[in-house]
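File shown: protein.pdb (PDB, C-alpha atoms).
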MODEL        1
ATOM      1  CA  MET A1093      29.427-197.408 133.254  1.00  0.00           C
ATOM      2  CA  LYS A1094      31.386-198.557 130.226  1.00  0.00           C
ATOM      3  CA  HIS A1095      30.102-201.343 127.999  1.00  0.00           C
ATOM      4  CA  LEU A1096      32.691-203.903 126.908  1.00  0.00           C
ATOM      5  CA  LEU A1097      32.498-205.550 123.504  1.00  0.00           C
ATOM      6  CA  ILE A1098      34.667-208.598 122.875  1.00  0.00           C
ATOM      7  CA  ILE A1099      35.999-208.946 119.335  1.00  0.00           C
ATOM      8  CA  GLY A1100      35.833-212.662 118.585  1.00  0.00           C
ATOM      9  CA  ALA A1101      33.272-215.135 119.925  1.00  0.00           C
ATOM     10  CA  ARG A1102      35.244-218.324 119.360  1.00  0.00           C
ATOM     11  CA  GLY A1103      37.217-220.201 122.022  1.00  0.00           C
ATOM     12  CA  PHE A1104      39.521-217.385 123.057  1.00  0.00           C
ATOM     13  CA  GLY A1105      36.649-214.913 123.088  1.00  0.00           C
ATOM     14  CA  ARG A1106      34.858-217.080 125.636  1.00  0.00           C
ATOM     15  CA  VAL A1107      38.028-217.238 127.731  1.00  0.00           C
ATOM     16  CA  VAL A1108      38.346-213.447 127.682  1.00  0.00           C
ATOM     17  CA  HIS A1109      34.683-213.170 128.682  1.00  0.00           C
ATOM     18  CA  ASP A1110      35.509-215.111 131.859  1.00  0.00           C
ATOM     19  CA  LEU A1111      38.670-213.065 132.476  1.00  0.00           C
ATOM     20  CA  ALA A1112      36.629-209.872 132.310  1.00  0.00           C
ATOM     21  CA  ILE A1113      34.061-211.203 134.784  1.00  0.00           C
ATOM     22  CA  ALA A1114      36.884-212.048 137.218  1.00  0.00           C
ATOM     23  CA  MET A1115      38.110-208.441 137.303  1.00  0.00           C
ATOM     24  CA  SER A1116      37.237-206.342 140.338  1.00  0.00           C
ATOM     25  CA  GLN A1117      35.986-203.559 138.042  1.00  0.00           C
ATOM     26  CA  TYR A1118      33.302-205.801 136.520  1.00  0.00           C
ATOM     27  CA  GLN A1119      29.804-204.449 137.215  1.00  0.00           C
ATOM     28  CA  LYS A1120      31.408-201.433 138.902  1.00  0.00           C
ATOM     29  CA  GLU A1121      33.210-199.718 136.040  1.00  0.00           C
ATOM     30  CA  PHE A1122      32.082-201.841 133.091  1.00  0.00           C
ATOM     31  CA  ASP A1123      29.678-204.544 132.048  1.00  0.00           C
ATOM     32  CA  ILE A1124      29.860-206.916 129.077  1.00  0.00           C
ATOM     33  CA  LYS A1125      27.669-205.831 126.199  1.00  0.00           C
ATOM     34  CA  GLY A1126      28.368-208.762 123.896  1.00  0.00           C
ATOM     35  CA  PHE A1127      30.564-210.103 121.130  1.00  0.00           C
ATOM     36  CA  LEU A1128      31.476-208.901 117.662  1.00  0.00           C
ATOM     37  CA  ASP A1129      32.032-211.715 115.173  1.00  0.00           C
ATOM     38  CA  ASN A1130      31.235-212.222 111.500  1.00  0.00           C
ATOM     39  CA  LYS A1131      30.248-215.823 112.248  1.00  0.00           C
ATOM     40  CA  SER A1132      26.794-215.196 113.666  1.00  0.00           C
ATOM     41  CA  ASP A1133      26.352-218.791 114.878  1.00  0.00           C
ATOM     42  CA  ALA A1134      29.732-219.032 116.687  1.00  0.00           C
ATOM     43  CA  LEU A1135      27.999-219.396 120.074  1.00  0.00           C
ATOM     44  CA  VAL A1136      25.424-221.975 119.030  1.00  0.00           C
ATOM     45  CA  GLY A1137      25.614-224.780 121.598  1.00  0.00           C
ATOM     46  CA  TYR A1138      27.274-222.592 124.219  1.00  0.00           C
ATOM     47  CA  ASP A1139      25.115-221.286 127.064  1.00  0.00           C
ATOM     48  CA  ASN A1140      25.584-218.440 129.556  1.00  0.00           C
ATOM     49  CA  TYR A1141      27.280-215.966 127.215  1.00  0.00           C
ATOM     50  CA  PRO A1142      26.004-212.630 125.906  1.00  0.00           C
ATOM     51  CA  SER A1143      24.965-212.548 122.279  1.00  0.00           C
ATOM     52  CA  ILE A1144      26.884-211.759 119.110  1.00  0.00           C
ATOM     53  CA  ILE A1145      25.740-208.248 118.253  1.00  0.00           C
ATOM     54  CA  SER A1146      27.194-207.889 114.758  1.00  0.00           C
ATOM     55  CA  SER A1147      30.373-208.170 112.764  1.00  0.00           C
ATOM     56  CA  VAL A1148      33.273-205.842 113.543  1.00  0.00           C
ATOM     57  CA  GLU A1149      32.872-204.185 110.157  1.00  0.00           C
ATOM     58  CA  SER A1150      29.185-203.407 110.685  1.00  0.00           C
ATOM     59  CA  TYR A1151      29.242-202.252 114.291  1.00  0.00           C
ATOM     60  CA  GLU A1152      28.474-198.585 114.983  1.00  0.00           C
ATOM     61  CA  ILE A1153      30.365-197.410 118.061  1.00  0.00           C
ATOM     62  CA  LEU A1154      28.434-195.745 120.880  1.00  0.00           C
ATOM     63  CA  PRO A1155      29.913-193.245 123.354  1.00  0.00           C
ATOM     64  CA  ASP A1156      30.289-195.628 126.323  1.00  0.00           C
ATOM     65  CA  ASP A1157      31.640-198.571 124.347  1.00  0.00           C
ATOM     66  CA  VAL A1158      35.077-200.063 125.054  1.00  0.00           C
ATOM     67  CA  PHE A1159      36.657-203.026 123.313  1.00  0.00           C
ATOM     68  CA  VAL A1160      39.031-205.941 123.760  1.00  0.00           C
ATOM     69  CA  CYS A1161      40.325-208.003 120.836  1.00  0.00           C
ATOM     70  CA  ALA A1162      40.170-211.728 121.675  1.00  0.00           C
ATOM     71  CA  LEU A1163      41.759-213.168 118.550  1.00  0.00           C
ATOM     72  CA  GLY A1164      44.610-215.647 118.900  1.00  0.00           C
ATOM     73  CA  ASP A1165      46.337-214.935 115.594  1.00  0.00           C
ATOM     74  CA  VAL A1166      48.501-211.806 115.606  1.00  0.00           C
ATOM     75  CA  ARG A1167      47.570-210.930 112.021  1.00  0.00           C
ATOM     76  CA  TYR A1168      43.825-211.024 112.602  1.00  0.00           C
ATOM     77  CA  LYS A1169      44.155-209.320 115.966  1.00  0.00           C
ATOM     78  CA  LYS A1170      45.851-206.359 114.309  1.00  0.00           C
ATOM     79  CA  GLN A1171      43.446-206.332 111.358  1.00  0.00           C
ATOM     80  CA  TYR A1172      40.245-206.271 113.404  1.00  0.00           C
ATOM     81  CA  ALA A1173      41.484-204.036 116.207  1.00  0.00           C
ATOM     82  CA  GLU A1174      42.512-201.467 113.620  1.00  0.00           C
ATOM     83  CA  ILE A1175      39.010-201.494 112.129  1.00  0.00           C
ATOM     84  CA  ILE A1176      37.673-200.367 115.511  1.00  0.00           C
ATOM     85  CA  LEU A1177      40.526-197.907 116.062  1.00  0.00           C
ATOM     86  CA  ASN A1178      39.852-196.331 112.682  1.00  0.00           C
ATOM     87  CA  LYS A1179      36.226-195.832 113.728  1.00  0.00           C
ATOM     88  CA  GLY A1180      37.385-193.996 116.851  1.00  0.00           C
ATOM     89  CA  GLY A1181      36.894-196.860 119.305  1.00  0.00           C
ATOM     90  CA  HIS A1182      38.816-197.291 122.550  1.00  0.00           C
ATOM     91  CA  PHE A1183      40.293-200.463 124.016  1.00  0.00           C
ATOM     92  CA  MET A1184      40.764-201.505 127.635  1.00  0.00           C
ATOM     93  CA  ASN A1185      43.120-203.960 129.325  1.00  0.00           C
ATOM     94  CA  VAL A1186      41.687-207.223 130.642  1.00  0.00           C
ATOM     95  CA  ILE A1187      43.863-208.480 133.512  1.00  0.00           C
ATOM     96  CA  HIS A1188      43.076-211.456 135.725  1.00  0.00           C
ATOM     97  CA  PRO A1189      43.343-210.594 139.443  1.00  0.00           C
ATOM     98  CA  SER A1190      45.871-213.399 140.024  1.00  0.00           C
ATOM     99  CA  ALA A1191      48.415-211.798 137.673  1.00  0.00           C
ATOM    100  CA  HIS A1192      51.518-210.278 139.297  1.00  0.00           C
ATOM    101  CA  ILE A1193      52.726-207.021 137.769  1.00  0.00           C
ATOM    102  CA  GLY A1194      56.068-205.894 139.175  1.00  0.00           C
ATOM    103  CA  THR A1195      57.532-202.527 140.024  1.00  0.00           C
ATOM    104  CA  ASN A1196      57.822-200.034 137.148  1.00  0.00           C
ATOM    105  CA  VAL A1197      56.139-202.343 134.639  1.00  0.00           C
ATOM    106  CA  GLN A1198      54.683-200.330 131.758  1.00  0.00           C
ATOM    107  CA  LEU A1199      51.532-201.638 130.089  1.00  0.00           C
ATOM    108  CA  GLY A1200      50.093-200.429 126.812  1.00  0.00           C
ATOM    109  CA  THR A1201      46.421-200.484 125.906  1.00  0.00           C
ATOM    110  CA  GLY A1202      44.276-203.353 124.691  1.00  0.00           C
ATOM    111  CA  CYS A1203      46.356-205.964 126.531  1.00  0.00           C
ATOM    112  CA  ILE A1204      45.043-209.322 127.760  1.00  0.00           C
ATOM    113  CA  ILE A1205      46.789-210.849 130.774  1.00  0.00           C
ATOM    114  CA  ALA A1206      45.449-214.210 131.918  1.00  0.00           C
ATOM    115  CA  GLY A1207      45.597-215.946 135.279  1.00  0.00           C
ATOM    116  CA  ASN A1208      48.849-216.649 137.120  1.00  0.00           C
ATOM    117  CA  VAL A1209      50.969-214.551 134.789  1.00  0.00           C
ATOM    118  CA  TRP A1210      54.094-213.156 136.455  1.00  0.00           C
ATOM    119  CA  ILE A1211      55.704-210.009 135.045  1.00  0.00           C
ATOM    120  CA  ASP A1212      58.926-209.002 136.742  1.00  0.00           C
ATOM    121  CA  SER A1213      60.065-205.461 137.388  1.00  0.00           C
ATOM    122  CA  ASP A1214      60.940-202.808 134.803  1.00  0.00           C
ATOM    123  CA  THR A1215      59.405-204.660 131.870  1.00  0.00           C
ATOM    124  CA  LYS A1216      57.773-202.661 129.078  1.00  0.00           C
ATOM    125  CA  ILE A1217      54.749-204.136 127.314  1.00  0.00           C
ATOM    126  CA  GLY A1218      53.291-202.485 124.228  1.00  0.00           C
ATOM    127  CA  ASP A1219      49.740-202.247 122.926  1.00  0.00           C
ATOM    128  CA  PHE A1220      47.510-205.261 122.203  1.00  0.00           C
ATOM    129  CA  VAL A1221      49.863-207.801 123.778  1.00  0.00           C
ATOM    130  CA  THR A1222      48.384-211.108 124.984  1.00  0.00           C
ATOM    131  CA  LEU A1223      49.966-213.076 127.847  1.00  0.00           C
ATOM    132  CA  GLN A1224      48.303-216.430 128.354  1.00  0.00           C
ATOM    133  CA  THR A1225      47.953-218.462 131.561  1.00  0.00           C
ATOM    134  CA  GLY A1226      51.091-219.031 133.602  1.00  0.00           C
ATOM    135  CA  CYS A1227      53.587-217.019 131.545  1.00  0.00           C
ATOM    136  CA  LEU A1228      56.712-215.856 133.362  1.00  0.00           C
ATOM    137  CA  ILE A1229      58.218-212.632 132.020  1.00  0.00           C
ATOM    138  CA  GLY A1230      61.643-211.787 133.422  1.00  0.00           C
ATOM    139  CA  HIS A1231      62.854-208.359 134.489  1.00  0.00           C
ATOM    140  CA  ASP A1232      63.650-205.633 131.960  1.00  0.00           C
ATOM    141  CA  CYS A1233      61.951-207.394 129.060  1.00  0.00           C
ATOM    142  CA  ARG A1234      60.422-205.503 126.170  1.00  0.00           C
ATOM    143  CA  ILE A1235      57.374-206.904 124.391  1.00  0.00           C
ATOM    144  CA  ASP A1236      56.271-204.839 121.423  1.00  0.00           C
ATOM    145  CA  ASP A1237      52.790-204.290 119.996  1.00  0.00           C
ATOM    146  CA  TRP A1238      50.502-207.139 118.909  1.00  0.00           C
ATOM    147  CA  SER A1239      52.655-209.981 120.235  1.00  0.00           C
ATOM    148  CA  ILE A1240      51.187-213.128 121.823  1.00  0.00           C
ATOM    149  CA  ILE A1241      52.886-215.316 124.446  1.00  0.00           C
ATOM    150  CA  ASP A1242      51.050-218.581 125.009  1.00  0.00           C
ATOM    151  CA  SER A1243      50.612-220.515 128.246  1.00  0.00           C
ATOM    152  CA  LEU A1244      53.490-221.590 130.491  1.00  0.00           C
ATOM    153  CA  SER A1245      56.190-219.847 128.477  1.00  0.00           C
ATOM    154  CA  PHE A1246      59.259-218.136 129.942  1.00  0.00           C
ATOM    155  CA  LEU A1247      61.184-215.031 128.890  1.00  0.00           C
ATOM    156  CA  GLY A1248      64.522-214.437 130.590  1.00  0.00           C
ATOM    157  CA  GLY A1249      65.650-210.986 131.635  1.00  0.00           C
ATOM    158  CA  PHE A1250      66.201-208.332 128.961  1.00  0.00           C
ATOM    159  CA  VAL A1251      64.511-210.372 126.207  1.00  0.00           C
ATOM    160  CA  HIS A1252      63.075-208.235 123.407  1.00  0.00           C
ATOM    161  CA  LEU A1253      60.080-209.468 121.429  1.00  0.00           C
ATOM    162  CA  CYS A1254      59.476-207.228 118.427  1.00  0.00           C
ATOM    163  CA  LYS A1255      56.069-206.585 116.865  1.00  0.00           C
ATOM    164  CA  LEU A1256      53.651-209.371 115.900  1.00  0.00           C
ATOM    165  CA  VAL A1257      55.677-212.153 117.531  1.00  0.00           C
ATOM    166  CA  THR A1258      54.001-215.431 118.490  1.00  0.00           C
ATOM    167  CA  ILE A1259      55.447-217.607 121.275  1.00  0.00           C
ATOM    168  CA  HIS A1260      53.643-220.954 121.499  1.00  0.00           C
ATOM    169  CA  PRO A1261      53.065-222.831 124.799  1.00  0.00           C
ATOM    170  CA  HIS A1262      55.849-224.211 127.016  1.00  0.00           C
ATOM    171  CA  SER A1263      58.595-222.273 125.204  1.00  0.00           C
ATOM    172  CA  SER A1264      61.606-220.607 126.832  1.00  0.00           C
ATOM    173  CA  ILE A1265      63.834-217.779 125.642  1.00  0.00           C
ATOM    174  CA  ILE A1266      67.139-217.287 127.417  1.00  0.00           C
ATOM    175  CA  PRO A1267      68.103-213.796 128.606  1.00  0.00           C
ATOM    176  CA  ARG A1268      69.097-210.886 126.368  1.00  0.00           C
ATOM    177  CA  LEU A1269      67.863-212.332 123.082  1.00  0.00           C
ATOM    178  CA  THR A1270      65.775-210.596 120.414  1.00  0.00           C
ATOM    179  CA  VAL A1271      62.937-212.189 118.472  1.00  0.00           C
ATOM    180  CA  GLY A1272      62.297-210.204 115.303  1.00  0.00           C
ATOM    181  CA  ASP A1273      59.067-208.812 113.878  1.00  0.00           C
ATOM    182  CA  ASN A1274      56.486-211.409 112.770  1.00  0.00           C
ATOM    183  CA  ALA A1275      58.596-214.328 114.032  1.00  0.00           C
ATOM    184  CA  THR A1276      57.133-217.497 115.551  1.00  0.00           C
ATOM    185  CA  VAL A1277      58.555-219.735 118.271  1.00  0.00           C
ATOM    186  CA  ASN A1278      56.840-223.098 117.992  1.00  0.00           C
ATOM    187  CA  ILE A1279      55.570-225.207 120.886  1.00  0.00           C
ATOM    188  CA  ALA A1280      57.942-226.354 123.662  1.00  0.00           C
ATOM    189  CA  SER A1281      61.014-224.736 122.098  1.00  0.00           C
ATOM    190  CA  THR A1282      64.123-223.415 123.832  1.00  0.00           C
ATOM    191  CA  VAL A1283      65.532-220.341 122.106  1.00  0.00           C
ATOM    192  CA  ILE A1284      69.266-219.805 122.662  1.00  0.00           C
ATOM    193  CA  ARG A1285      70.049-217.354 119.855  1.00  0.00           C
ATOM    194  CA  ASN A1286      68.349-214.357 118.248  1.00  0.00           C
ATOM    195  CA  VAL A1287      65.458-215.092 115.888  1.00  0.00           C
ATOM    196  CA  ARG A1288      65.353-213.144 112.651  1.00  0.00           C
ATOM    197  CA  PRO A1289      62.158-211.388 111.467  1.00  0.00           C
ATOM    198  CA  TYR A1290      59.497-213.622 109.882  1.00  0.00           C
ATOM    199  CA  ALA A1291      61.343-216.816 110.873  1.00  0.00           C
ATOM    200  CA  THR A1292      59.715-219.825 112.539  1.00  0.00           C
ATOM    201  CA  VAL A1293      61.904-221.739 114.994  1.00  0.00           C
ATOM    202  CA  MET A1294      61.291-224.995 116.834  1.00  0.00           C
ATOM    203  CA  GLY A1295      63.095-227.513 118.993  1.00  0.00           C
ATOM    204  CA  ASN A1296      65.536-227.737 121.872  1.00  0.00           C
ATOM    205  CA  PRO A1297      67.648-225.882 121.058  1.00  0.00           C
ATOM    206  CA  ALA A1298      65.357-224.073 118.623  1.00  0.00           C
ATOM    207  CA  LYS A1299      66.363-224.106 114.970  1.00  0.00           C
ATOM    208  CA  GLU A1300      64.815-222.236 112.082  1.00  0.00           C
ATOM    209  CA  MET A1301      62.277-224.267 110.141  1.00  0.00           C
ATOM    210  CA  VAL A1302      62.532-224.288 106.345  1.00  0.00           C
ATOM    211  CA  PHE A1303      59.227-224.676 104.525  1.00  0.00           C
ATOM    212  CA  PRO A1304      59.043-225.947 100.936  1.00  0.00           C
ATOM    213  CA  LYS A1305      58.134-223.313  98.385  1.00  0.00           C
TER
ENDMDL
END

Kindly present the structure from the file in structure tokens form.
Amino acid sequence: MKHLLIIGARGFGRVVHDLAIAMSQYQKEFDIKGFLDNKSDALVGYDNYPSIISSVESYEILPDDVFVCALGDVRYKKQYAEIILNKGGHFMNVIHPSAHIGTNVQLGTGCIIAGNVWIDSDTKIGDFVTLQTGCLIGHDCRIDDWSIIDSLSFLGGFVHLCKLVTIHPHSSIIPRLTVGDNATVNIASTVIRNVRPYATVMGNPAKEMVFPK
């Protein structure tokens, strides 16, 4: 039996706790050992969850431990997952049983796939990708490492999300576009042209946002 530790005990960590319990492998192949979070009181006022064991930095990995990184910011997700990876830890995928995963879909490790996600055929998903509730991923898409797609978003066929991309809820990306590394698509946006690395776009159609220096 493996023992799952959830990195992050805030809101998304509690969501991932419930996703893990919904999996058919729960209590057969793994149980939930607890949370890792540097905010030791993050669960104060919340009942029915396992405890916060320690911070990520302080935790000493045991042989049967496995991990999932439940952080909603791509930067922190990468930072804290890499702390565990550098200690020799291993990550598992947490996939809700209602998710549809099509023919020839390739999944990396450390992925989180929430309820009612639909992934069409021949899509390639990298490591540590998060797909929130109700996402629709078209055929032949490519989603690179660390990216997050929030609830009720749509990717048309052959869309390529590069590394560390954030797609906020209710956004759509038309087919065959590329969203560059570290780019952000803001809430309820419709992307009709490629998004350059590190850009933030918003609107319908989405336009790049310019922030004052």

Self-check item: Straight-line distance linking atom CA of Ala1206 of chain A with atom CA of Phe1127 of chain A, stated in Å to one decimal
Solution: 18.8 Å

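In terms of minimum interatomic distance to Cys1227 of chain A, A:Asn1208 ranks closest within A:Asn1196, A:Ser1146, A:Asn1208, A:Thr1282, counting only C-alpha atoms.
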
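Of the residues under consideration (A:Lys1255, A:Lys1179, A:Lys1170, A:Lys1216), A:Lys1179 shows the shortest atom-to-atom contact distance to Ser1150 of chain A when counting all atoms listed in the file.
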
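Across the structure, atom CA of Leu1247 of chain A and atom CA of Phe1104 of chain A are spaced 22.6 Å apart.
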
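Put simply, atom CA of Gly1249 of chain A is 29.3 Å away from atom CA of Ala1114 of chain A.
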
With the PyMOL selection byres ((chain A and resi 1276) around 8) as the selection, what would be picked from this file? Answer as a PDB file with C-alpha atoms, keeping the file's coordinate frame, please.
ATOM      1  CA  VAL A1257      55.677-212.153 117.531  1.00  0.00           C
ATOM      2  CA  THR A1258      54.001-215.431 118.490  1.00  0.00           C
ATOM      3  CA  ILE A1259      55.447-217.607 121.275  1.00  0.00           C
ATOM      4  CA  HIS A1260      53.643-220.954 121.499  1.00  0.00           C
ATOM      5  CA  ASN A1274      56.486-211.409 112.770  1.00  0.00           C
ATOM      6  CA  ALA A1275      58.596-214.328 114.032  1.00  0.00           C
ATOM      7  CA  VAL A1277      58.555-219.735 118.271  1.00  0.00           C
ATOM      8  CA  ASN A1278      56.840-223.098 117.992  1.00  0.00           C
ATOM      9  CA  TYR A1290      59.497-213.622 109.882  1.00  0.00           C
ATOM     10  CA  ALA A1291      61.343-216.816 110.873  1.00  0.00           C
ATOM     11  CA  THR A1292      59.715-219.825 112.539  1.00  0.00           C
ATOM     12  CA  VAL A1293      61.904-221.739 114.994  1.00  0.00           C
TER      13      VAL A1293
END

Exercise. On this file, the PyMOL selection byres ((chain A and resi 1230) around 10) gives some set of residues; write that set as an MDAnalysis selection string.
Key: chainID A and resid 1194 1210:1215 1227:1229 1231:1234 1246:1251 1266:1267

Quiz item: Given the choices A:Val1287, A:Ile1187, A:Ile1279, A:Val1160, which gets closest to Phe1220 of chain A if the distance is worked out from all atoms listed in the file?
Solution: A:Val1160

Quiz prompt | Selected residue of minimal separation from Lys1169 of chain A among A:Gly1202, A:Gly1126, A:Pro1297, A:Gly1272, counting all atoms listed in the file | solution = A:Gly1202

Quiz item: Can you list, as a PyMOL selection string, every protein, DNA or RNA residue that comes within 9 Å of Ile1113 of chain A when you count all atoms listed in the file, leaving out same-chain residues fewer than 6 positions away?
Solution: chain A and resi 1119+1123-1124

Written as a PDB file with C-alpha atoms, keeping the file's coordinate frame, what is the full residue list that the PyMOL selection byres ((chain A and resi 1158) around 9) yields on the file shown?
ATOM      1  CA  LYS A1094      31.386-198.557 130.226  1.00  0.00           C
ATOM      2  CA  HIS A1095      30.102-201.343 127.999  1.00  0.00           C
ATOM      3  CA  LEU A1096      32.691-203.903 126.908  1.00  0.00           C
ATOM      4  CA  LEU A1097      32.498-205.550 123.504  1.00  0.00           C
ATOM      5  CA  ILE A1098      34.667-208.598 122.875  1.00  0.00           C
ATOM      6  CA  PHE A1122      32.082-201.841 133.091  1.00  0.00           C
ATOM      7  CA  ILE A1153      30.365-197.410 118.061  1.00  0.00           C
ATOM      8  CA  LEU A1154      28.434-195.745 120.880  1.00  0.00           C
ATOM      9  CA  PRO A1155      29.913-193.245 123.354  1.00  0.00           C
ATOM     10  CA  ASP A1156      30.289-195.628 126.323  1.00  0.00           C
ATOM     11  CA  ASP A1157      31.640-198.571 124.347  1.00  0.00           C
ATOM     12  CA  PHE A1159      36.657-203.026 123.313  1.00  0.00           C
ATOM     13  CA  VAL A1160      39.031-205.941 123.760  1.00  0.00           C
ATOM     14  CA  GLY A1181      36.894-196.860 119.305  1.00  0.00           C
ATOM     15  CA  HIS A1182      38.816-197.291 122.550  1.00  0.00           C
ATOM     16  CA  PHE A1183      40.293-200.463 124.016  1.00  0.00           C
ATOM     17  CA  MET A1184      40.764-201.505 127.635  1.00  0.00           C
TER      18      MET A1184
END

Self-check item: Top pick for closest residue to Ile1265 of chain A, considering A:Cys1203, A:Leu1253, A:Val1209, A:Val1283 and counting all atoms listed in the file
Solution: A:Val1283

Practice problem: Go through A:Asn1178, A:Ser1263, A:Ser1147, A:Thr1201 and flag the residue nearest Asp1242 of chain A, using all atoms listed in the file for the distances. | Solution: A:Ser1263

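If you count all atoms listed in the file and ignore residues fewer than 6 places along the chain from Ser1281 of chain A, what sits within 6 Å of it is Ser1263, Met1294, Gly1295, Asn1296 and Ala1298 of chain A.
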
Practice problem: Just the residues within 7 Å of Thr1222 of chain A, please, counting only C-alpha atoms, with nothing from its chain fewer than 4 positions along; format it as a VMD selection string. | Solution: chain A and resid 1203 to 1205 1239 to 1241

Taking all atoms of segment 1273-1286 of chain A that the file lists, what box with edges along x, y and z, padded by 5 Å per side, do you get, with centre and edge lengths in Å to one decimal, as AutoDock Vina command-line options?
--center_x 62.8 --center_y -217.6 --center_z 118.3 --size_x 24.5 --size_y 27.5 --size_z 21.1
